[in-house]
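Novice: Have a peek at start24.pdb (PDB, C-alpha atoms and all ligand atoms).
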ATOM      1  CA  MET W 233     -19.775   1.706   2.256  1.00  0.00           C
ATOM      2  CA  ILE W 234     -19.226   5.251   0.945  1.00  0.00           C
ATOM      3  CA  THR W 235     -20.520   5.714  -2.595  1.00  0.00           C
ATOM      4  CA  ALA W 236     -19.413   9.356  -3.132  1.00  0.00           C
ATOM      5  CA  ILE W 237     -15.800   8.257  -3.188  1.00  0.00           C
ATOM      6  CA  SER W 238     -14.241   8.141  -6.625  1.00  0.00           C
ATOM      7  CA  ILE W 239     -11.020   6.396  -7.554  1.00  0.00           C
ATOM      8  CA  ARG W 240      -8.713   7.694 -10.241  1.00  0.00           C
ATOM      9  CA  ALA W 241      -5.115   7.483 -11.392  1.00  0.00           C
ATOM     10  CA  ALA W 242      -2.878  10.123  -9.806  1.00  0.00           C
ATOM     11  CA  VAL W 243      -1.360  12.895 -11.925  1.00  0.00           C
ATOM     12  CA  PRO W 244       1.816  14.926 -11.188  1.00  0.00           C
ATOM     13  CA  SER W 245      -0.132  17.698  -9.422  1.00  0.00           C
ATOM     14  CA  ASP W 246      -1.361  15.102  -6.865  1.00  0.00           C
ATOM     15  CA  ALA W 247       2.132  14.758  -5.333  1.00  0.00           C
ATOM     16  CA  PRO W 248       1.411  17.113  -2.367  1.00  0.00           C
ATOM     17  CA  ARG W 249      -1.834  15.374  -1.411  1.00  0.00           C
ATOM     18  CA  LEU W 250      -0.293  11.889  -1.779  1.00  0.00           C
ATOM     19  CA  SER W 251       2.619  13.005   0.367  1.00  0.00           C
ATOM     20  CA  ALA W 252       0.334  14.459   3.063  1.00  0.00           C
ATOM     21  CA  LEU W 253      -1.902  11.390   3.172  1.00  0.00           C
ATOM     22  CA  GLY W 254       0.971   8.902   3.264  1.00  0.00           C
ATOM     23  CA  ARG W 255       2.721  10.798   6.064  1.00  0.00           C
ATOM     24  CA  GLU W 256      -0.486  11.163   8.089  1.00  0.00           C
ATOM     25  CA  VAL W 257      -1.567   7.529   7.877  1.00  0.00           C
ATOM     26  CA  PHE W 258       1.915   6.086   8.422  1.00  0.00           C
ATOM     27  CA  ILE W 259       2.483   8.210  11.528  1.00  0.00           C
ATOM     28  CA  ASP W 260      -1.044   7.560  12.862  1.00  0.00           C
ATOM     29  CA  THR W 261      -0.560   3.822  12.387  1.00  0.00           C
ATOM     30  CA  TYR W 262       3.059   3.118  13.183  1.00  0.00           C
ATOM     31  CA  SER W 263       4.388   5.770  15.578  1.00  0.00           C
ATOM     32  CA  GLY W 264       5.636   4.065  18.681  1.00  0.00           C
ATOM     33  CA  THR W 265       6.594   0.872  16.828  1.00  0.00           C
ATOM     34  CA  ALA W 266      10.096   2.213  16.044  1.00  0.00           C
ATOM     35  CA  SER W 267      12.209   5.156  17.175  1.00  0.00           C
ATOM     36  CA  ALA W 268      10.869   8.606  16.263  1.00  0.00           C
ATOM     37  CA  HIS W 269      14.020   9.115  14.200  1.00  0.00           C
ATOM     38  CA  ASP W 270      13.483   5.929  12.154  1.00  0.00           C
ATOM     39  CA  ILE W 271       9.783   6.698  11.629  1.00  0.00           C
ATOM     40  CA  GLN W 272      10.608  10.219  10.445  1.00  0.00           C
ATOM     41  CA  ARG W 273      13.325   8.956   8.116  1.00  0.00           C
ATOM     42  CA  HIS W 274      10.995   6.323   6.641  1.00  0.00           C
ATOM     43  CA  VAL W 275       8.225   8.874   6.130  1.00  0.00           C
ATOM     44  CA  ASP W 276      10.642  11.294   4.451  1.00  0.00           C
ATOM     45  CA  ASP W 277      12.080   8.537   2.230  1.00  0.00           C
ATOM     46  CA  TYR W 278       8.776   7.014   1.158  1.00  0.00           C
ATOM     47  CA  PHE W 279       6.329   9.921   1.362  1.00  0.00           C
ATOM     48  CA  GLY W 280       8.465  12.968   0.684  1.00  0.00           C
ATOM     49  CA  GLU W 281       6.922  15.112  -2.039  1.00  0.00           C
ATOM     50  CA  SER W 282      10.064  14.887  -4.172  1.00  0.00           C
ATOM     51  CA  THR W 283      10.080  11.066  -3.928  1.00  0.00           C
ATOM     52  CA  ILE W 284       6.443  10.888  -4.971  1.00  0.00           C
ATOM     53  CA  SER W 285       6.945  13.389  -7.801  1.00  0.00           C
ATOM     54  CA  TYR W 286       9.831  11.258  -9.053  1.00  0.00           C
ATOM     55  CA  ASP W 287       7.769   8.046  -8.813  1.00  0.00           C
ATOM     56  CA  LEU W 288       4.851   9.656 -10.640  1.00  0.00           C
ATOM     57  CA  GLY W 289       7.196  10.121 -13.597  1.00  0.00           C
ATOM     58  CA  GLN W 290       8.153   6.427 -13.721  1.00  0.00           C
ATOM     59  CA  ALA W 291       6.355   4.143 -16.206  1.00  0.00           C
ATOM     60  CA  SER W 292       6.787   1.282 -13.726  1.00  0.00           C
ATOM     61  CA  VAL W 293       4.784   3.024 -10.971  1.00  0.00           C
ATOM     62  CA  GLN W 294       1.077   3.845 -10.726  1.00  0.00           C
ATOM     63  CA  TYR W 295      -0.674   5.591  -7.874  1.00  0.00           C
ATOM     64  CA  LEU W 296      -4.449   5.427  -7.558  1.00  0.00           C
ATOM     65  CA  LEU W 297      -6.290   7.877  -5.323  1.00  0.00           C
ATOM     66  CA  ALA W 298      -9.601   7.641  -3.493  1.00  0.00           C
ATOM     67  CA  ILE W 299     -11.149  11.110  -3.515  1.00  0.00           C
ATOM     68  CA  ASP W 300     -14.001  12.367  -1.353  1.00  0.00           C
ATOM     69  CA  ASP W 301     -14.977  15.798  -2.741  1.00  0.00           C
ATOM     70  CA  GLU W 302     -11.634  17.589  -2.519  1.00  0.00           C
ATOM     71  CA  SER W 303     -10.019  15.511   0.193  1.00  0.00           C
ATOM     72  CA  CYS W 304      -7.857  12.502  -0.404  1.00  0.00           C
ATOM     73  CA  ALA W 305      -9.211   9.499   1.524  1.00  0.00           C
ATOM     74  CA  GLY W 306      -6.784   6.812   0.404  1.00  0.00           C
ATOM     75  CA  LEU W 307      -4.051   5.742  -1.945  1.00  0.00           C
ATOM     76  CA  VAL W 308      -2.644   2.596  -3.457  1.00  0.00           C
ATOM     77  CA  LYS W 309       0.757   2.398  -5.154  1.00  0.00           C
ATOM     78  CA  LEU W 310       1.601  -0.291  -7.694  1.00  0.00           C
ATOM     79  CA  ARG W 311       5.142  -1.027  -8.783  1.00  0.00           C
ATOM     80  CA  GLU W 312       6.477  -3.231 -11.554  1.00  0.00           C
ATOM     81  CA  GLY W 313      10.010  -4.523 -11.070  1.00  0.00           C
ATOM     82  CA  ASP W 314      11.978  -7.044  -9.055  1.00  0.00           C
ATOM     83  CA  THR W 315       9.902  -9.838  -7.553  1.00  0.00           C
ATOM     84  CA  PRO W 316      10.883 -11.882  -4.468  1.00  0.00           C
ATOM     85  CA  THR W 317      11.963 -15.452  -5.224  1.00  0.00           C
ATOM     86  CA  LEU W 318       9.004 -16.812  -3.224  1.00  0.00           C
ATOM     87  CA  VAL W 319       6.735 -15.422  -5.970  1.00  0.00           C
ATOM     88  CA  SER W 320       7.071 -17.918  -8.808  1.00  0.00           C
ATOM     89  CA  ALA W 321       5.224 -15.889 -11.484  1.00  0.00           C
ATOM     90  CA  ALA W 322       7.577 -13.749 -13.552  1.00  0.00           C
ATOM     91  CA  ASN W 323       5.024 -11.074 -14.410  1.00  0.00           C
ATOM     92  CA  ALA W 324       3.786 -10.011 -10.973  1.00  0.00           C
ATOM     93  CA  ILE W 325       3.037  -6.480  -9.799  1.00  0.00           C
ATOM     94  CA  GLU W 326       3.638  -5.240  -6.257  1.00  0.00           C
ATOM     95  CA  VAL W 327       1.156  -3.258  -4.229  1.00  0.00           C
ATOM     96  CA  GLN W 328       3.820  -1.303  -2.400  1.00  0.00           C
ATOM     97  CA  GLN W 329       1.505   0.976  -0.407  1.00  0.00           C
ATOM     98  CA  LEU W 330      -2.166   0.869   0.573  1.00  0.00           C
ATOM     99  CA  TYR W 331      -3.192   3.608   2.960  1.00  0.00           C
ATOM    100  CA  VAL W 332      -6.656   4.815   3.946  1.00  0.00           C
ATOM    101  CA  SER W 333      -7.003   7.960   6.044  1.00  0.00           C
ATOM    102  CA  THR W 334      -7.878   7.144   9.660  1.00  0.00           C
ATOM    103  CA  ASP W 335     -11.206   9.017   9.396  1.00  0.00           C
ATOM    104  CA  PHE W 336     -12.224   6.871   6.412  1.00  0.00           C
ATOM    105  CA  GLN W 337     -11.186   3.391   7.535  1.00  0.00           C
ATOM    106  CA  ARG W 338     -13.653   0.464   7.687  1.00  0.00           C
ATOM    107  CA  MET W 339     -15.878   2.083   5.054  1.00  0.00           C
ATOM    108  CA  GLY W 340     -14.940  -0.153   2.138  1.00  0.00           C
ATOM    109  CA  ILE W 341     -12.382   2.233   0.605  1.00  0.00           C
ATOM    110  CA  GLY W 342      -9.419  -0.122   1.019  1.00  0.00           C
ATOM    111  CA  ARG W 343     -11.369  -2.855  -0.751  1.00  0.00           C
ATOM    112  CA  ARG W 344     -12.295  -0.483  -3.586  1.00  0.00           C
ATOM    113  CA  LEU W 345      -8.693   0.673  -3.948  1.00  0.00           C
ATOM    114  CA  MET W 346      -7.567  -2.961  -4.113  1.00  0.00           C
ATOM    115  CA  ASP W 347     -10.273  -3.704  -6.730  1.00  0.00           C
ATOM    116  CA  SER W 348      -8.838  -0.855  -8.827  1.00  0.00           C
ATOM    117  CA  ALA W 349      -5.288  -2.088  -8.256  1.00  0.00           C
ATOM    118  CA  VAL W 350      -6.306  -5.563  -9.472  1.00  0.00           C
ATOM    119  CA  ALA W 351      -7.967  -4.071 -12.574  1.00  0.00           C
ATOM    120  CA  THR W 352      -4.856  -1.976 -13.296  1.00  0.00           C
ATOM    121  CA  ALA W 353      -2.517  -4.943 -12.815  1.00  0.00           C
ATOM    122  CA  GLN W 354      -4.666  -7.116 -15.079  1.00  0.00           C
ATOM    123  CA  GLU W 355      -4.648  -4.434 -17.790  1.00  0.00           C
ATOM    124  CA  ARG W 356      -0.846  -4.488 -17.580  1.00  0.00           C
ATOM    125  CA  GLY W 357      -0.742  -8.262 -18.103  1.00  0.00           C
ATOM    126  CA  SER W 358       0.227  -9.219 -14.561  1.00  0.00           C
ATOM    127  CA  ALA W 359      -0.354 -12.773 -13.285  1.00  0.00           C
ATOM    128  CA  GLY W 360      -1.130 -11.493  -9.803  1.00  0.00           C
ATOM    129  CA  ILE W 361      -0.292  -9.037  -7.050  1.00  0.00           C
ATOM    130  CA  TRP W 362       2.308  -9.502  -4.330  1.00  0.00           C
ATOM    131  CA  LEU W 363       2.903  -7.375  -1.261  1.00  0.00           C
ATOM    132  CA  SER W 364       4.550  -7.504   2.132  1.00  0.00           C
ATOM    133  CA  VAL W 365       2.834  -6.720   5.399  1.00  0.00           C
ATOM    134  CA  TRP W 366       4.247  -6.521   8.925  1.00  0.00           C
ATOM    135  CA  THR W 367       3.452  -9.740  10.805  1.00  0.00           C
ATOM    136  CA  GLU W 368       2.184  -7.693  13.771  1.00  0.00           C
ATOM    137  CA  ALA W 369      -0.191  -5.554  11.685  1.00  0.00           C
ATOM    138  CA  ASP W 370      -3.180  -7.832  12.409  1.00  0.00           C
ATOM    139  CA  TRP W 371      -5.691  -5.385  10.894  1.00  0.00           C
ATOM    140  CA  ALA W 372      -3.841  -5.262   7.575  1.00  0.00           C
ATOM    141  CA  THR W 373      -3.142  -9.012   7.445  1.00  0.00           C
ATOM    142  CA  LYS W 374      -6.837  -9.652   8.057  1.00  0.00           C
ATOM    143  CA  PHE W 375      -7.755  -7.194   5.310  1.00  0.00           C
ATOM    144  CA  TYR W 376      -5.496  -8.983   2.786  1.00  0.00           C
ATOM    145  CA  LEU W 377      -6.555 -12.503   3.807  1.00  0.00           C
ATOM    146  CA  ASP W 378     -10.228 -11.491   3.650  1.00  0.00           C
ATOM    147  CA  TYR W 379      -9.566 -10.058   0.184  1.00  0.00           C
ATOM    148  CA  GLY W 380      -8.176 -13.406  -1.010  1.00  0.00           C
ATOM    149  CA  PHE W 381      -4.403 -13.084  -0.603  1.00  0.00           C
ATOM    150  CA  ILE W 382      -2.430 -16.082   0.631  1.00  0.00           C
ATOM    151  CA  SER W 383       0.783 -15.974   2.667  1.00  0.00           C
ATOM    152  CA  LEU W 384       3.852 -17.381   0.894  1.00  0.00           C
ATOM    153  CA  GLY W 385       6.127 -17.054   3.928  1.00  0.00           C
ATOM    154  CA  GLU W 386       8.090 -14.469   5.863  1.00  0.00           C
ATOM    155  CA  ILE W 387      10.641 -11.930   4.646  1.00  0.00           C
ATOM    156  CA  PRO W 388      12.730  -9.309   6.488  1.00  0.00           C
ATOM    157  CA  PHE W 389      11.946  -5.605   6.251  1.00  0.00           C
ATOM    158  CA  MET W 390      14.301  -2.862   7.459  1.00  0.00           C
ATOM    159  CA  LEU W 391      12.863   0.305   8.990  1.00  0.00           C
ATOM    160  CA  GLY W 392      15.893   2.407   9.758  1.00  0.00           C
ATOM    161  CA  ASP W 393      18.224   0.193  11.794  1.00  0.00           C
ATOM    162  CA  THR W 394      15.468  -2.139  13.018  1.00  0.00           C
ATOM    163  CA  GLU W 395      14.652  -5.405  11.257  1.00  0.00           C
ATOM    164  CA  TYR W 396      10.980  -6.359  11.120  1.00  0.00           C
ATOM    165  CA  VAL W 397       9.404  -9.565   9.842  1.00  0.00           C
ATOM    166  CA  ASP W 398       6.800  -9.245   7.098  1.00  0.00           C
ATOM    167  CA  TYR W 399       4.463 -11.787   5.543  1.00  0.00           C
ATOM    168  CA  LEU W 400       4.897 -12.040   1.803  1.00  0.00           C
ATOM    169  CA  MET W 401       1.388 -12.204   0.381  1.00  0.00           C
ATOM    170  CA  TRP W 402       0.218 -13.221  -3.069  1.00  0.00           C
ATOM    171  CA  LEU W 403      -3.046 -12.833  -4.963  1.00  0.00           C
ATOM    172  CA  PRO W 404      -2.955 -14.971  -8.126  1.00  0.00           C
ATOM    173  CA  PHE W 405      -5.434 -13.857 -10.765  1.00  0.00           C
ATOM    174  CA  ASP W 406      -5.998 -17.393 -12.027  1.00  0.00           C
ATOM    175  CA  GLY W 407      -6.651 -18.657  -8.494  1.00  0.00           C
ATOM    176  CA  SER W 408      -3.527 -20.904  -8.415  1.00  0.00           C
TER
HETATM  177  C1  LIG W 501      -5.529  -1.844   5.988  1.00  0.00           C
HETATM  178  C2  LIG W 501      -6.417  -0.734   5.376  1.00  0.00           C
HETATM  179  C3  LIG W 501      -5.846  -0.301   4.044  1.00  0.00           C
HETATM  180  C4  LIG W 501      -7.823  -1.306   5.151  1.00  0.00           C
HETATM  181  O1  LIG W 501      -8.604  -0.308   4.516  1.00  0.00           O
HETATM  182  P1  LIG W 501     -10.121  -0.023   4.957  1.00  0.00           P
HETATM  183  O2  LIG W 501     -10.712   0.916   3.989  1.00  0.00           O
HETATM  184  O3  LIG W 501     -10.141   0.359   6.380  1.00  0.00           O
HETATM  185  O4  LIG W 501     -10.747  -1.488   4.801  1.00  0.00           O
HETATM  186  P2  LIG W 501     -12.211  -1.900   4.262  1.00  0.00           P
HETATM  187  O5  LIG W 501     -13.227  -1.047   4.931  1.00  0.00           O
HETATM  188  O6  LIG W 501     -12.197  -1.901   2.770  1.00  0.00           O
HETATM  189  O7  LIG W 501     -12.305  -3.380   4.850  1.00  0.00           O
HETATM  190  C5  LIG W 501     -12.507  -4.522   4.056  1.00  0.00           C
HETATM  191  C6  LIG W 501     -12.403  -5.743   4.944  1.00  0.00           C
HETATM  192  O8  LIG W 501     -11.059  -5.894   5.449  1.00  0.00           O
HETATM  193  C7  LIG W 501     -11.113  -6.362   6.827  1.00  0.00           C
HETATM  194  N1  LIG W 501     -10.626  -5.291   7.715  1.00  0.00           N
HETATM  195  C8  LIG W 501     -10.356  -4.010   7.380  1.00  0.00           C
HETATM  196  N2  LIG W 501      -9.887  -3.327   8.448  1.00  0.00           N
HETATM  197  C9  LIG W 501      -9.860  -4.190   9.476  1.00  0.00           C
HETATM  198  C10 LIG W 501      -9.476  -4.081  10.853  1.00  0.00           C
HETATM  199  N3  LIG W 501      -9.016  -2.942  11.378  1.00  0.00           N
HETATM  200  N4  LIG W 501      -9.599  -5.170  11.628  1.00  0.00           N
HETATM  201  C11 LIG W 501     -10.051  -6.347  11.127  1.00  0.00           C
HETATM  202  N5  LIG W 501     -10.449  -6.516   9.825  1.00  0.00           N
HETATM  203  C12 LIG W 501     -10.341  -5.459   9.017  1.00  0.00           C
HETATM  204  C13 LIG W 501     -12.575  -6.673   7.091  1.00  0.00           C
HETATM  205  O9  LIG W 501     -12.831  -8.001   6.631  1.00  0.00           O
HETATM  206  C14 LIG W 501     -13.274  -5.677   6.182  1.00  0.00           C
HETATM  207  O10 LIG W 501     -14.585  -6.051   5.846  1.00  0.00           O
HETATM  208  P3  LIG W 501     -15.805  -5.627   6.833  1.00  0.00           P
HETATM  209  O11 LIG W 501     -15.623  -4.177   7.184  1.00  0.00           O
HETATM  210  O12 LIG W 501     -17.007  -5.906   5.995  1.00  0.00           O
HETATM  211  O13 LIG W 501     -15.662  -6.514   8.033  1.00  0.00           O
HETATM  212  C15 LIG W 501      -6.535   0.466   6.346  1.00  0.00           C
HETATM  213  O14 LIG W 501      -6.961   0.007   7.599  1.00  0.00           O
HETATM  214  C16 LIG W 501      -5.260   1.260   6.532  1.00  0.00           C
HETATM  215  O15 LIG W 501      -4.904   2.079   5.687  1.00  0.00           O
HETATM  216  N6  LIG W 501      -4.583   1.044   7.665  1.00  0.00           N
HETATM  217  C17 LIG W 501      -3.400   1.825   8.035  1.00  0.00           C
HETATM  218  C18 LIG W 501      -2.237   1.654   7.080  1.00  0.00           C
HETATM  219  C19 LIG W 501      -1.894   0.217   6.860  1.00  0.00           C
HETATM  220  O16 LIG W 501      -1.693  -0.544   7.799  1.00  0.00           O
HETATM  221  N7  LIG W 501      -1.809  -0.154   5.559  1.00  0.00           N
HETATM  222  C20 LIG W 501      -1.426  -1.485   5.166  1.00  0.00           C
HETATM  223  C21 LIG W 501       0.060  -1.558   5.198  1.00  0.00           C
HETATM  224  S1  LIG W 501       0.614  -3.089   4.519  1.00  0.00           S
END
Let me see the file written as structure tokens.
Ligand SMILES: CC(C)(COP(=O)(O)OP(=O)(O)OC[C@H]1O[C@@H](n2cnc3c(N)ncnc32)[C@H](O)[C@@H]1OP(=O)(O)O)[C@@H](O)C(=O)NCCC(=O)NCCS

Specialist:
Amino acid sequence: MITAISIRAAVPSDAPRLSALGREVFIDTYSGTASAHDIQRHVDDYFGESTISYDLGQASVQYLLAIDDESCAGLVKLREGDTPTLVSAANAIEVQQLYVSTDFQRMGIGRRLMDSAVATAQERGSAGIWLSVWTEADWATKFYLDYGFISLGEIPFMLGDTEYVDYLMWLPFDGS
């Protein structure tokens, strides 16, 4: 467990560091699982600096950052909006991204980012957190199950032209 890490809400000037971290971790983790073209397109769509700058201006989106001195060790992105039908609660928030830099993994940062995401979602009156995770990402599925999420079923996820199968996971705040 690293104790020097601090977690704070992102501000507009964080867009370049969020973009760099998201690109780095996604490529480190998922290159080779789809075509280089699809991976690059996904990274540009989801982690481009302009996309993140836009999202940082949306009231429905919050990014939280894990900071180690000056470097960015992790991020979590929360999004309020449409909820899959498998999630019965109307007021649920999505954790759309949770990424910890490869050099900082297995040090408790992901857990701390999720703790902060839960606190943020509770402050916003959410009944729980939902997210989707690739069924073959055993490390991430284990992380979420160990944290207390349950699987509600499977949903499709498109990365470029390739369809993947994700688990839809749910963390109810009242335990139901
Ligand atoms: C998934 C991820 C966010 C976890 O963050 P982390 O900081 O490494 O995780 P933590 O150190 O907080 O781990 C908490 C617990 O989760 C589980 N866990 C985390 N990483 C794991 C792994 N690689 N294998 C198995 N269990 C794991 C363990 O129970 C761990 O507790 P322990 O270390 O006491 O055994 C991180 O590995 C990551 O960013 N991976 C690449 C991107 C990704 O796949 N993101 C999720 C997309 S849905």

Novice: Taking all atoms listed in the file into account, which residues have an atom no farther than 6 Å from ligand LIG 501 (chain W)? I'd like them as a CSV table (one decimal) with C-alpha atoms, in the coordinates of the input.

Specialist:
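Below you can see pocket00.csv, which holds the result:
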chain,number,residue,atom,x,y,z
W,257,VAL,CA,-1.6,7.5,7.9
W,261,THR,CA,-0.6,3.8,12.4
W,330,LEU,CA,-2.2,0.9,0.6
W,331,TYR,CA,-3.2,3.6,3.0
W,332,VAL,CA,-6.7,4.8,3.9
W,337,GLN,CA,-11.2,3.4,7.5
W,338,ARG,CA,-13.7,0.5,7.7
W,339,MET,CA,-15.9,2.1,5.1
W,340,GLY,CA,-14.9,-0.2,2.1
W,341,ILE,CA,-12.4,2.2,0.6
W,342,GLY,CA,-9.4,-0.1,1.0
W,343,ARG,CA,-11.4,-2.9,-0.8
W,365,VAL,CA,2.8,-6.7,5.4
W,371,TRP,CA,-5.7,-5.4,10.9
W,372,ALA,CA,-3.8,-5.3,7.6
W,374,LYS,CA,-6.8,-9.7,8.1
W,375,PHE,CA,-7.8,-7.2,5.3
W,378,ASP,CA,-10.2,-11.5,3.6

Novice: Point out the residue among W:Glu395, W:Ala349, W:Leu400, W:Ser292 with the least atom-to-atom distance to Thr373 in chain W, counting all atoms listed in the file.

Specialist: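 Answer, going by the shortest atom-to-atom distance: W:Leu400.
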
Novice: Could you expand the PyMOL selection byres (((chain W and resi 358) around 7) and not hetatm) into the explicit residues it covers here, written as a compact mmCIF listing (two decimals) with C-alpha atoms, in the frame of the given file?

Specialist:
# COMPACT_ATOMS: atom_id res chain seq x y z
CA ASN W 323 5.02 -11.07 -14.41
CA ALA W 324 3.79 -10.01 -10.97
CA ILE W 325 3.04 -6.48 -9.80
CA ALA W 353 -2.52 -4.94 -12.82
CA GLN W 354 -4.67 -7.12 -15.08
CA ARG W 356 -0.85 -4.49 -17.58
CA GLY W 357 -0.74 -8.26 -18.10
CA ALA W 359 -0.35 -12.77 -13.28
CA GLY W 360 -1.13 -11.49 -9.80

Novice: Mind checking which residues fall within 9 Å of Ala247 in chain W, counting only C-alpha atoms, ignoring those fewer than 3 positions away in the same chain, and posting them as a list of chain:residue names?

Specialist: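 Contacts, in chain order: W:Ala242, W:Val243, W:Pro244, W:Leu250, W:Ser251, W:Ala252, W:Gly280, W:Glu281, W:Ser282, W:Thr283, W:Ile284, W:Ser285, W:Leu288.
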
Novice: What's the separation between CA of Phe389 in chain W and CA of Arg273 in chain W, in Å to one decimal place?

Specialist: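 Between CA of Phe389 in chain W and CA of Arg273 in chain W the gap works out to 14.7 Å.
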
Novice: Name the residues that the PyMOL selection byres (((chain W and resi 383) around 8) and not hetatm) picks from the file above, as a list of chain:residue names, using the file's chain letters and numbers.

Specialist: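 Applied to this file, the PyMOL selection byres (((chain W and resi 383) around 8) and not hetatm) returns W:Phe381, W:Ile382, W:Leu384, W:Gly385, W:Tyr399, W:Leu400, W:Met401, W:Trp402.
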
Novice: At a cut-off of 8 Å, using only C-alpha atoms, what residues contact Gln328 in chain W? Leave out same-chain residues fewer than 3 positions from it and give the result as a ChimeraX atom specification.

Specialist: /W:308-311,363-364

Novice: Figure out the distance between CA of Tyr278 in chain W and CA of Gly392 in chain W, please, to one decimal in Å.

Specialist: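 Separation between CA of Gly392 in chain W and CA of Tyr278 in chain W: 12.1 Å.
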
Novice: Set the distance at 7 Å and use all atoms listed in the file: which residues neighbour Trp366 in chain W once local chain neighbours fewer than 3 positions away are removed? I'd like the list as a list in words.

Specialist: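 My list of contacting residues is Ala369, Val397, Asp398 and Tyr399 of chain W.
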
Novice: Rounded to one decimal in Å, what is the spacing between CA of Thr352 in chain W and CA of Pro316 in chain W?

Specialist: 20.6 Å

Novice: Considering all atoms listed in the file, state which residue in the set W:Asp314, W:Asp406, W:Asp393, W:Glu368 is at the smallest distance from Ala266 in chain W.

Specialist: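 Checking each candidate against Ala266 in chain W, we get W:Asp393 as the closest.
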
Novice: Within 9 Å of Cys304 in chain W, counting only C-alpha atoms, which residues show up once you throw out same-chain ones fewer than 6 positions away? Write them as a PDB file with C-alpha atoms, keeping the file's coordinate frame, please.

Specialist:
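Done, and the output landed in part.pdb:
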ATOM      1  CA  ARG W 249      -1.834  15.374  -1.411  1.00  0.00           C
ATOM      2  CA  LEU W 250      -0.293  11.889  -1.779  1.00  0.00           C
ATOM      3  CA  LEU W 253      -1.902  11.390   3.172  1.00  0.00           C
ATOM      4  CA  LEU W 297      -6.290   7.877  -5.323  1.00  0.00           C
ATOM      5  CA  ALA W 298      -9.601   7.641  -3.493  1.00  0.00           C
ATOM      6  CA  VAL W 332      -6.656   4.815   3.946  1.00  0.00           C
ATOM      7  CA  SER W 333      -7.003   7.960   6.044  1.00  0.00           C
TER       8      SER W 333
END

Novice: From the options W:Gln329, W:Ser303, W:Thr394, W:Ser238, which residue's atoms come nearest to Gly254 in chain W, counting all atoms listed in the file?

Specialist: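 Checking each of W:Gln329, W:Ser303, W:Thr394, W:Ser238 against Gly254 in chain W, counting all atoms listed in the file, the winner is W:Gln329.
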
Novice: Between W:Ile259, W:Ala305, W:Val350, W:Ile271, which is the closest to Ile237 in chain W once you count only C-alpha atoms?

Specialist: W:Ala305

Novice: Of the candidates W:Leu391, W:Glu386, W:Leu307, W:Phe279, which shows the shortest atom-to-atom distance to Pro248 in chain W, using only C-alpha atoms?

Specialist: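 That would be W:Phe279, the residue with the smallest distance to Pro248 in chain W.
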